[in-house]
>>> print(open('run-v4.pdb').read())   # PDB, C-alpha atoms
ATOM      1  CA  MET A   1     -22.240 -20.031  45.119
ATOM      2  CA  ASP A   2     -18.668 -20.195  43.790
ATOM      3  CA  PHE A   3     -17.269 -16.701  43.293
ATOM      4  CA  LYS A   4     -13.856 -17.891  42.065
ATOM      5  CA  PRO A   5     -14.827 -17.428  38.364
ATOM      6  CA  LEU A   6     -15.892 -13.848  39.088
ATOM      7  CA  ILE A   7     -12.671 -13.088  40.972
ATOM      8  CA  THR A   8     -10.611 -14.559  38.131
ATOM      9  CA  LEU A   9     -12.517 -12.627  35.481
ATOM     10  CA  LEU A  10     -12.194  -9.372  37.415
ATOM     11  CA  ALA A  11      -8.449  -9.984  37.679
ATOM     12  CA  VAL A  12      -8.097 -10.770  33.962
ATOM     13  CA  VAL A  13     -10.347  -8.023  32.588
ATOM     14  CA  ASN A  14      -9.291  -5.431  35.212
ATOM     15  CA  PRO A  15     -11.113  -2.390  33.761
ATOM     16  CA  LEU A  16      -9.101  -0.014  35.969
ATOM     17  CA  ALA A  17      -5.938  -0.886  34.050
ATOM     18  CA  ILE A  18      -7.668   0.072  30.788
ATOM     19  CA  VAL A  19      -8.826   3.488  32.061
ATOM     20  CA  PRO A  20      -5.719   5.272  30.665
ATOM     21  CA  PHE A  21      -6.394   3.729  27.229
ATOM     22  CA  PHE A  22     -10.043   4.813  27.418
ATOM     23  CA  ILE A  23      -9.007   8.377  28.228
ATOM     24  CA  HIS A  24      -6.474   8.344  25.387
ATOM     25  CA  TYR A  25      -8.885   7.018  22.772
ATOM     26  CA  THR A  26     -11.812   9.234  23.764
ATOM     27  CA  ASP A  27      -9.830  12.436  24.044
ATOM     28  CA  GLY A  28     -11.826  15.027  22.116
ATOM     29  CA  PHE A  29     -15.091  13.069  22.242
ATOM     30  CA  ASN A  30     -18.205  14.982  23.245
ATOM     31  CA  PRO A  31     -20.215  13.641  26.253
ATOM     32  CA  GLN A  32     -22.646  11.702  24.032
ATOM     33  CA  GLN A  33     -19.825   9.991  22.123
ATOM     34  CA  ARG A  34     -18.193   9.041  25.422
ATOM     35  CA  ARG A  35     -21.455   7.598  26.766
ATOM     36  CA  ASP A  36     -21.962   5.592  23.570
ATOM     37  CA  THR A  37     -18.409   4.258  23.830
ATOM     38  CA  VAL A  38     -18.939   3.223  27.463
ATOM     39  CA  VAL A  39     -22.196   1.396  26.675
ATOM     40  CA  THR A  40     -20.767  -0.359  23.612
ATOM     41  CA  ALA A  41     -17.589  -1.466  25.431
ATOM     42  CA  ALA A  42     -19.542  -2.800  28.424
ATOM     43  CA  THR A  43     -22.048  -4.629  26.214
ATOM     44  CA  THR A  44     -19.300  -6.157  24.067
ATOM     45  CA  ALA A  45     -17.395  -7.366  27.149
ATOM     46  CA  PHE A  46     -20.552  -9.090  28.388
ATOM     47  CA  LEU A  47     -21.241 -10.670  24.987
ATOM     48  CA  VAL A  48     -17.705 -12.076  24.720
ATOM     49  CA  ILE A  49     -18.070 -13.732  28.136
ATOM     50  CA  ALA A  50     -21.605 -14.997  27.525
ATOM     51  CA  ILE A  51     -20.822 -16.468  24.099
ATOM     52  CA  SER A  52     -17.637 -18.098  25.422
ATOM     53  CA  ALA A  53     -19.596 -19.663  28.280
ATOM     54  CA  LEU A  54     -22.407 -20.977  26.084
ATOM     55  CA  LEU A  55     -20.450 -22.070  22.992
ATOM     56  CA  GLY A  56     -16.820 -22.455  24.086
ATOM     57  CA  LEU A  57     -17.001 -26.169  24.916
ATOM     58  CA  GLN A  58     -18.785 -26.922  21.623
ATOM     59  CA  VAL A  59     -15.940 -25.219  19.762
ATOM     60  CA  LEU A  60     -13.384 -27.387  21.602
ATOM     61  CA  GLU A  61     -15.420 -30.470  20.765
ATOM     62  CA  PHE A  62     -15.609 -29.457  17.103
ATOM     63  CA  PHE A  63     -11.818 -29.209  16.902
ATOM     64  CA  ASN A  64     -11.407 -32.384  18.993
ATOM     65  CA  ILE A  65      -9.396 -30.630  21.710
ATOM     66  CA  SER A  66      -9.468 -32.252  25.150
ATOM     67  CA  LEU A  67     -10.445 -30.043  28.049
ATOM     68  CA  ALA A  68      -7.338 -31.124  29.994
ATOM     69  CA  SER A  69      -5.092 -29.852  27.194
ATOM     70  CA  PHE A  70      -7.098 -26.636  27.044
ATOM     71  CA  GLN A  71      -6.762 -26.201  30.812
ATOM     72  CA  VAL A  72      -2.975 -26.499  30.621
ATOM     73  CA  GLY A  73      -2.790 -24.145  27.642
ATOM     74  CA  GLY A  74      -5.310 -21.738  29.147
ATOM     75  CA  GLY A  75      -3.472 -21.817  32.477
ATOM     76  CA  MET A  76      -0.223 -20.936  30.727
ATOM     77  CA  LEU A  77      -1.985 -18.075  28.967
ATOM     78  CA  LEU A  78      -3.348 -16.839  32.294
ATOM     79  CA  LEU A  79       0.135 -17.055  33.779
ATOM     80  CA  VAL A  80       1.539 -14.940  30.938
ATOM     81  CA  SER A  81      -1.283 -12.447  31.535
ATOM     82  CA  ALA A  82      -0.433 -12.433  35.252
ATOM     83  CA  LEU A  83       3.212 -11.676  34.433
ATOM     84  CA  ASN A  84       2.051  -8.784  32.228
ATOM     85  CA  MET A  85       0.002  -7.447  35.127
ATOM     86  CA  LEU A  86       2.899  -7.819  37.553
ATOM     87  CA  ASN A  87       4.716  -5.470  35.175
ATOM     88  CA  ALA A  88       1.728  -3.078  35.418
ATOM     89  CA  GLN A  89       0.547  -3.880  31.876
ATOM     90  CA  PRO A  90      -2.996  -4.922  30.832
ATOM     91  CA  ALA A  91      -3.607  -8.681  31.195
ATOM     92  CA  GLU A  92      -4.325  -9.129  27.511
ATOM     93  CA  ALA A  93      -1.585  -8.643  24.944
ATOM     94  CA  LYS A  94      -0.957  -4.969  24.362
ATOM     95  CA  PRO A  95      -1.764  -3.911  20.802
ATOM     96  CA  ALA A  96       1.099  -3.087  18.507
ATOM     97  CA  ALA A  97       1.994   0.565  18.070
ATOM     98  CA  GLN A  98       0.280   0.491  14.681
ATOM     99  CA  ASP A  99      -2.982  -0.721  16.272
ATOM    100  CA  LEU A 100      -2.770   2.021  18.885
ATOM    101  CA  GLN A 101      -2.224   4.606  16.165
ATOM    102  CA  GLN A 102      -5.185   3.271  14.157
ATOM    103  CA  GLY A 103      -7.332   3.451  17.266
ATOM    104  CA  ALA A 104      -6.285   7.039  17.846
ATOM    105  CA  GLU A 105      -7.068   7.855  14.219
ATOM    106  CA  LYS A 106     -10.529   6.293  14.577
ATOM    107  CA  ALA A 107     -11.125   8.389  17.664
ATOM    108  CA  ALA A 108      -9.982  11.504  15.826
ATOM    109  CA  ARG A 109     -12.518  10.762  13.071
ATOM    110  CA  GLY A 110     -15.253  10.280  15.645
ATOM    111  CA  ALA A 111     -15.585   6.562  14.828
ATOM    112  CA  SER A 112     -16.366   4.073  17.589
ATOM    113  CA  ILE A 113     -13.281   2.434  19.074
ATOM    114  CA  ALA A 114     -15.318   0.686  21.763
ATOM    115  CA  VAL A 115     -15.135  -2.789  20.213
ATOM    116  CA  VAL A 116     -11.629  -2.760  18.691
ATOM    117  CA  PRO A 117      -9.183  -2.146  20.236
ATOM    118  CA  LEU A 118     -10.759  -1.023  23.531
ATOM    119  CA  THR A 119     -12.787  -4.149  24.332
ATOM    120  CA  ILE A 120     -11.002  -6.646  22.062
ATOM    121  CA  PRO A 121      -8.185  -7.265  22.805
ATOM    122  CA  LEU A 122      -7.536  -4.833  25.688
ATOM    123  CA  LEU A 123     -10.459  -5.875  27.930
ATOM    124  CA  THR A 124     -11.509  -9.305  26.711
ATOM    125  CA  GLY A 125      -9.056 -11.307  24.656
ATOM    126  CA  PRO A 126      -7.739 -14.888  24.590
ATOM    127  CA  ALA A 127      -7.032 -15.013  28.341
ATOM    128  CA  THR A 128     -10.603 -13.982  29.181
ATOM    129  CA  ILE A 129     -12.104 -16.476  26.725
ATOM    130  CA  SER A 130      -9.897 -19.283  28.082
ATOM    131  CA  THR A 131     -10.954 -18.490  31.642
ATOM    132  CA  VAL A 132     -14.654 -18.581  30.789
ATOM    133  CA  VAL A 133     -14.420 -21.863  28.860
ATOM    134  CA  ILE A 134     -12.512 -23.557  31.699
ATOM    135  CA  TYR A 135     -15.150 -22.556  34.240
ATOM    136  CA  ALA A 136     -17.989 -23.398  31.846
ATOM    137  CA  GLU A 137     -16.855 -27.029  31.927
ATOM    138  CA  ARG A 138     -17.256 -27.020  35.712
ATOM    139  CA  ALA A 139     -20.828 -25.697  35.451
ATOM    140  CA  LYS A 140     -22.853 -28.902  35.863
ATOM    141  CA  THR A 141     -26.310 -27.364  36.293
ATOM    142  CA  PHE A 142     -28.392 -24.735  34.545
ATOM    143  CA  TRP A 143     -28.030 -22.392  37.521
ATOM    144  CA  GLN A 144     -24.257 -22.698  37.588
ATOM    145  CA  MET A 145     -24.119 -21.801  33.906
ATOM    146  CA  ALA A 146     -26.578 -18.953  34.499
ATOM    147  CA  ALA A 147     -24.313 -17.700  37.301
ATOM    148  CA  LEU A 148     -21.317 -17.745  34.919
ATOM    149  CA  VAL A 149     -23.244 -15.725  32.341
ATOM    150  CA  GLY A 150     -24.392 -13.468  35.176
ATOM    151  CA  TYR A 151     -20.770 -12.824  36.071
ATOM    152  CA  GLY A 152     -20.473 -11.481  32.530
ATOM    153  CA  VAL A 153     -23.128  -8.933  33.463
ATOM    154  CA  VAL A 154     -21.079  -7.959  36.539
ATOM    155  CA  ILE A 155     -17.957  -7.551  34.378
ATOM    156  CA  GLY A 156     -19.937  -5.415  31.925
ATOM    157  CA  LEU A 157     -21.232  -3.212  34.760
ATOM    158  CA  ALA A 158     -17.735  -2.919  36.282
ATOM    159  CA  THR A 159     -16.403  -1.889  32.878
ATOM    160  CA  ALA A 160     -19.160   0.700  32.424
ATOM    161  CA  LEU A 161     -18.549   2.098  35.915
ATOM    162  CA  ALA A 162     -14.765   2.300  35.467
ATOM    163  CA  PHE A 163     -15.044   4.020  32.089
ATOM    164  CA  ALA A 164     -17.859   6.360  33.162
ATOM    165  CA  LEU A 165     -15.709   7.488  36.109
ATOM    166  CA  ALA A 166     -12.447   7.374  34.136
ATOM    167  CA  ASP A 167     -11.417  10.976  34.779
ATOM    168  CA  PRO A 168     -12.071  10.928  38.573
ATOM    169  CA  ILE A 169     -10.349   7.511  38.869
ATOM    170  CA  ALA A 170      -7.308   8.776  36.987
ATOM    171  CA  ARG A 171      -7.158  11.861  39.239
ATOM    172  CA  VAL A 172      -7.567   9.950  42.518
ATOM    173  CA  LEU A 173      -5.451   6.864  41.827
ATOM    174  CA  GLY A 174      -3.023   8.326  39.365
ATOM    175  CA  LYS A 175      -0.697   6.179  37.300
ATOM    176  CA  THR A 176       1.008   4.814  40.411
ATOM    177  CA  GLY A 177      -2.248   3.748  42.070
ATOM    178  CA  ILE A 178      -3.489   1.977  38.944
ATOM    179  CA  SER A 179      -0.114   0.212  38.593
ATOM    180  CA  VAL A 180      -0.248  -1.013  42.206
ATOM    181  CA  MET A 181      -3.786  -2.372  41.802
ATOM    182  CA  THR A 182      -2.837  -4.055  38.519
ATOM    183  CA  ARG A 183       0.131  -5.771  40.192
ATOM    184  CA  LEU A 184      -2.050  -7.004  43.069
ATOM    185  CA  MET A 185      -4.563  -8.437  40.583
ATOM    186  CA  GLY A 186      -1.662 -10.037  38.721
ATOM    187  CA  LEU A 187      -0.494 -11.807  41.879
ATOM    188  CA  ILE A 188      -3.981 -13.238  42.454
ATOM    189  CA  LEU A 189      -4.232 -14.285  38.814
ATOM    190  CA  ALA A 190      -0.840 -16.043  38.935
ATOM    191  CA  ALA A 191      -2.014 -18.243  41.808
ATOM    192  CA  LEU A 192      -5.268 -19.066  39.995
ATOM    193  CA  ALA A 193      -3.348 -19.843  36.779
ATOM    194  CA  VAL A 194      -1.136 -22.369  38.580
ATOM    195  CA  GLU A 195      -4.246 -24.036  40.018
ATOM    196  CA  VAL A 196      -5.872 -24.326  36.577
ATOM    197  CA  MET A 197      -2.701 -25.802  35.055
ATOM    198  CA  ALA A 198      -2.343 -28.265  37.947
ATOM    199  CA  VAL A 199      -5.876 -29.596  37.399
ATOM    200  CA  GLY A 200      -5.208 -30.040  33.672
ATOM    201  CA  LEU A 201      -1.849 -31.746  34.228
ATOM    202  CA  ILE A 202      -3.348 -34.214  36.712
ATOM    203  CA  LYS A 203      -6.008 -35.110  34.136
ATOM    204  CA  LEU A 204      -3.368 -35.646  31.446
ATOM    205  CA  PHE A 205      -0.937 -37.456  33.747
ATOM    206  CA  PRO A 206      -2.948 -39.131  36.547
ATOM    207  CA  GLY A 207       0.282 -40.291  38.210
ATOM    208  CA  LEU A 208       1.003 -36.708  39.258
ATOM    209  CA  GLY A 209      -1.994 -36.758  41.604
ATOM    210  CA  ARG A 210      -0.685 -39.676  43.673
TER     211      ARG A 210
END
>>> encode(input="run-v4.pdb", output="structure tokens")
Amino acid sequence: MDFKPLITLLAVVNPLAIVPFFIHYTDGFNPQQRRDTVVTAATTAFLVIAISALLGLQVLEFFNISLASFQVGGGMLLLVSALNMLNAQPAEAKPAAQDLQQGAEKAARGASIAVVPLTIPLLTGPATISTVVIYAERAKTFWQMAALVGYGVVIGLATALAFALADPIARVLGKTGISVMTRLMGLILAALAVEVMAVGLIKLFPGLGR
């Protein structure tokens, strides 16, 4: 079984890097509200990955986009995400200050912030979707596709675990520990991004593979 998609997804999603945001948004929540937020965020992360795996290629086909072009573009997006992580930022684009403020206001009102902005775009955004679609093309059998969807379950569980243990993780690792882990994940993701782009470029320009 190929675990490279799982490693890439763990590096992109990186729930540990989102723990500080989770703590910020759920400050003042009662235990039940926190549990509901954890479950909703984990479920949404899984759904984004599963839907991208099952329907992503059909969307590309509908818009007449070649997979090679998508691999180059997706690889560039992953590389940008890796650079964000090397700067100890979440892989996905950080929301604007206004979005952060709106999220805080939602939390203050007791509204669910699990889907936006916590899961989308902080956990699973364009980089995550691109990663899943690229690996979905490589899934040639039912079981390979099932494994890819199953990795979505693993990501959902990892998200639930990280958020459920957010306070202990923040105490043990601290800001410095989370930053170090994010940078290490970013280094791994940068190497994977270059590999994805190389495959796409060779498909577009076969002469490069000689």
>>> resolve_selection(input="run-v4.pdb", expression="the PyMOL selection byres ((chain A and resi 130-136) around 10)", output="JSON list (two decimals) with C-alpha atoms, in the coordinates of the input")
[["chain", "number", "residue", "atom", "x", "y", "z"],
["A", 4, "LYS", "CA", -13.86, -17.89, 42.06],
["A", 5, "PRO", "CA", -14.83, -17.43, 38.36],
["A", 6, "LEU", "CA", -15.89, -13.85, 39.09],
["A", 8, "THR", "CA", -10.61, -14.56, 38.13],
["A", 9, "LEU", "CA", -12.52, -12.63, 35.48],
["A", 12, "VAL", "CA", -8.10, -10.77, 33.96],
["A", 48, "VAL", "CA", -17.70, -12.08, 24.72],
["A", 49, "ILE", "CA", -18.07, -13.73, 28.14],
["A", 50, "ALA", "CA", -21.60, -15.00, 27.52],
["A", 51, "ILE", "CA", -20.82, -16.47, 24.10],
["A", 52, "SER", "CA", -17.64, -18.10, 25.42],
["A", 53, "ALA", "CA", -19.60, -19.66, 28.28],
["A", 54, "LEU", "CA", -22.41, -20.98, 26.08],
["A", 55, "LEU", "CA", -20.45, -22.07, 22.99],
["A", 56, "GLY", "CA", -16.82, -22.46, 24.09],
["A", 57, "LEU", "CA", -17.00, -26.17, 24.92],
["A", 58, "GLN", "CA", -18.78, -26.92, 21.62],
["A", 59, "VAL", "CA", -15.94, -25.22, 19.76],
["A", 60, "LEU", "CA", -13.38, -27.39, 21.60],
["A", 67, "LEU", "CA", -10.44, -30.04, 28.05],
["A", 68, "ALA", "CA", -7.34, -31.12, 29.99],
["A", 70, "PHE", "CA", -7.10, -26.64, 27.04],
["A", 71, "GLN", "CA", -6.76, -26.20, 30.81],
["A", 73, "GLY", "CA", -2.79, -24.14, 27.64],
["A", 74, "GLY", "CA", -5.31, -21.74, 29.15],
["A", 75, "GLY", "CA", -3.47, -21.82, 32.48],
["A", 77, "LEU", "CA", -1.98, -18.08, 28.97],
["A", 78, "LEU", "CA", -3.35, -16.84, 32.29],
["A", 125, "GLY", "CA", -9.06, -11.31, 24.66],
["A", 126, "PRO", "CA", -7.74, -14.89, 24.59],
["A", 127, "ALA", "CA", -7.03, -15.01, 28.34],
["A", 128, "THR", "CA", -10.60, -13.98, 29.18],
["A", 129, "ILE", "CA", -12.10, -16.48, 26.72],
["A", 137, "GLU", "CA", -16.86, -27.03, 31.93],
["A", 138, "ARG", "CA", -17.26, -27.02, 35.71],
["A", 139, "ALA", "CA", -20.83, -25.70, 35.45],
["A", 140, "LYS", "CA", -22.85, -28.90, 35.86],
["A", 144, "GLN", "CA", -24.26, -22.70, 37.59],
["A", 145, "MET", "CA", -24.12, -21.80, 33.91],
["A", 148, "LEU", "CA", -21.32, -17.74, 34.92],
["A", 149, "VAL", "CA", -23.24, -15.72, 32.34],
["A", 151, "TYR", "CA", -20.77, -12.82, 36.07],
["A", 152, "GLY", "CA", -20.47, -11.48, 32.53],
["A", 193, "ALA", "CA", -3.35, -19.84, 36.78],
["A", 196, "VAL", "CA", -5.87, -24.33, 36.58],
["A", 200, "GLY", "CA", -5.21, -30.04, 33.67]]
>>> atom_distance(input="run-v4.pdb", atom1="CA of Leu157 in chain A", atom2="CA of Val194 in chain A")
28.0 Å
>>> closest_residue(input="run-v4.pdb", among="A:Ala147, A:Leu83, A:Val38, A:Ile120", to="Phe3 in chain A", atoms="all atoms listed in the file")
A:Ala147
>>> residues_around(input="run-v4.pdb", residues="Thr44 in chain A", least_positions_apart="5", cutoff="9 Å", atoms="only C-alpha atoms", output="PyMOL selection string")
chain A and resi 39+49+114-115+119-120+124+156
>>> atom_distance(input="run-v4.pdb", atom1="CA of Gly186 in chain A", atom2="CA of Asp2 in chain A")
20.4 Å
>>> closest_residue(input="run-v4.pdb", among="A:Ala158, A:Ile65, A:Ala45, A:Ala88", to="Thr176 in chain A", atoms="all atoms listed in the file")
A:Ala88
>>> resolve_selection(input="run-v4.pdb", expression="the PyMOL selection byres ((chain A and resi 87) around 12)", output="ChimeraX atom specification")
/A:17,80-86,88-91,178-187
>>> residues_near_point(input="run-v4.pdb", point="(-11.1, 0.2, 31.3)", cutoff="8 Å", atoms="all atoms listed in the file", output="number ranges by chain")
A: 14-22, 118, 123, 159, 162-163, 166
>>> atom_distance(input="run-v4.pdb", atom1="CA of Gly28 in chain A", atom2="CA of Ser112 in chain A")
12.7 Å
>>> closest_residue(input="run-v4.pdb", among="A:Val116, A:Leu161, A:Leu173, A:Leu201", to="Arg35 in chain A", atoms="all atoms listed in the file")
A:Leu161
>>> closest_residue(input="run-v4.pdb", among="A:Phe142, A:Asp167, A:Val153, A:Ser69", to="Asp27 in chain A", atoms="all atoms listed in the file")
A:Asp167
>>> closest_residue(input="run-v4.pdb", among="A:Leu79, A:Ala170, A:Ala41, A:Val72", to="Ile188 in chain A", atoms="all atoms listed in the file")
A:Leu79
>>> build_atoms(input="run-v4.pdb", residues="range 167-178 of chain A", atoms="N, CA, C and O atoms", output="short mmCIF file (atom, residue, chain, number, x, y, z; two decimals), keeping the file's coordinate frame")
data_model
loop_
_atom_site.label_atom_id
_atom_site.label_comp_id
_atom_site.auth_asym_id
_atom_site.auth_seq_id
_atom_site.Cartn_x
_atom_site.Cartn_y
_atom_site.Cartn_z
N ASP A 167 -12.17 9.77 34.40
CA ASP A 167 -11.42 10.98 34.78
C ASP A 167 -11.22 11.08 36.29
O ASP A 167 -10.08 11.32 36.75
N PRO A 168 -12.28 10.90 37.11
CA PRO A 168 -12.07 10.93 38.57
C PRO A 168 -11.12 9.83 39.05
O PRO A 168 -10.29 10.05 39.92
N ILE A 169 -11.24 8.62 38.47
CA ILE A 169 -10.35 7.51 38.87
C ILE A 169 -8.90 7.86 38.56
O ILE A 169 -8.00 7.65 39.39
N ALA A 170 -8.67 8.41 37.37
CA ALA A 170 -7.31 8.78 36.99
C ALA A 170 -6.75 9.85 37.92
O ALA A 170 -5.56 9.83 38.24
N ARG A 171 -7.62 10.79 38.35
CA ARG A 171 -7.16 11.86 39.24
C ARG A 171 -6.84 11.32 40.63
O ARG A 171 -5.84 11.69 41.23
N VAL A 172 -7.72 10.45 41.15
CA VAL A 172 -7.57 9.95 42.52
C VAL A 172 -6.43 8.94 42.63
O VAL A 172 -5.56 9.05 43.50
N LEU A 173 -6.45 7.93 41.75
CA LEU A 173 -5.45 6.86 41.83
C LEU A 173 -4.13 7.28 41.21
O LEU A 173 -3.06 6.93 41.72
N GLY A 174 -4.23 7.99 40.09
CA GLY A 174 -3.02 8.33 39.36
C GLY A 174 -2.41 7.09 38.73
O GLY A 174 -2.87 5.97 38.93
N LYS A 175 -1.36 7.29 37.98
CA LYS A 175 -0.70 6.18 37.30
C LYS A 175 -0.13 5.18 38.30
O LYS A 175 -0.20 3.96 38.10
N THR A 176 0.41 5.70 39.41
CA THR A 176 1.01 4.81 40.41
C THR A 176 -0.04 3.93 41.06
O THR A 176 0.16 2.72 41.23
N GLY A 177 -1.18 4.51 41.42
CA GLY A 177 -2.25 3.75 42.07
C GLY A 177 -2.79 2.65 41.17
O GLY A 177 -3.02 1.52 41.62
N ILE A 178 -2.99 2.97 39.90
CA ILE A 178 -3.49 1.98 38.94
C ILE A 178 -2.46 0.86 38.77
O ILE A 178 -2.81 -0.32 38.69
#
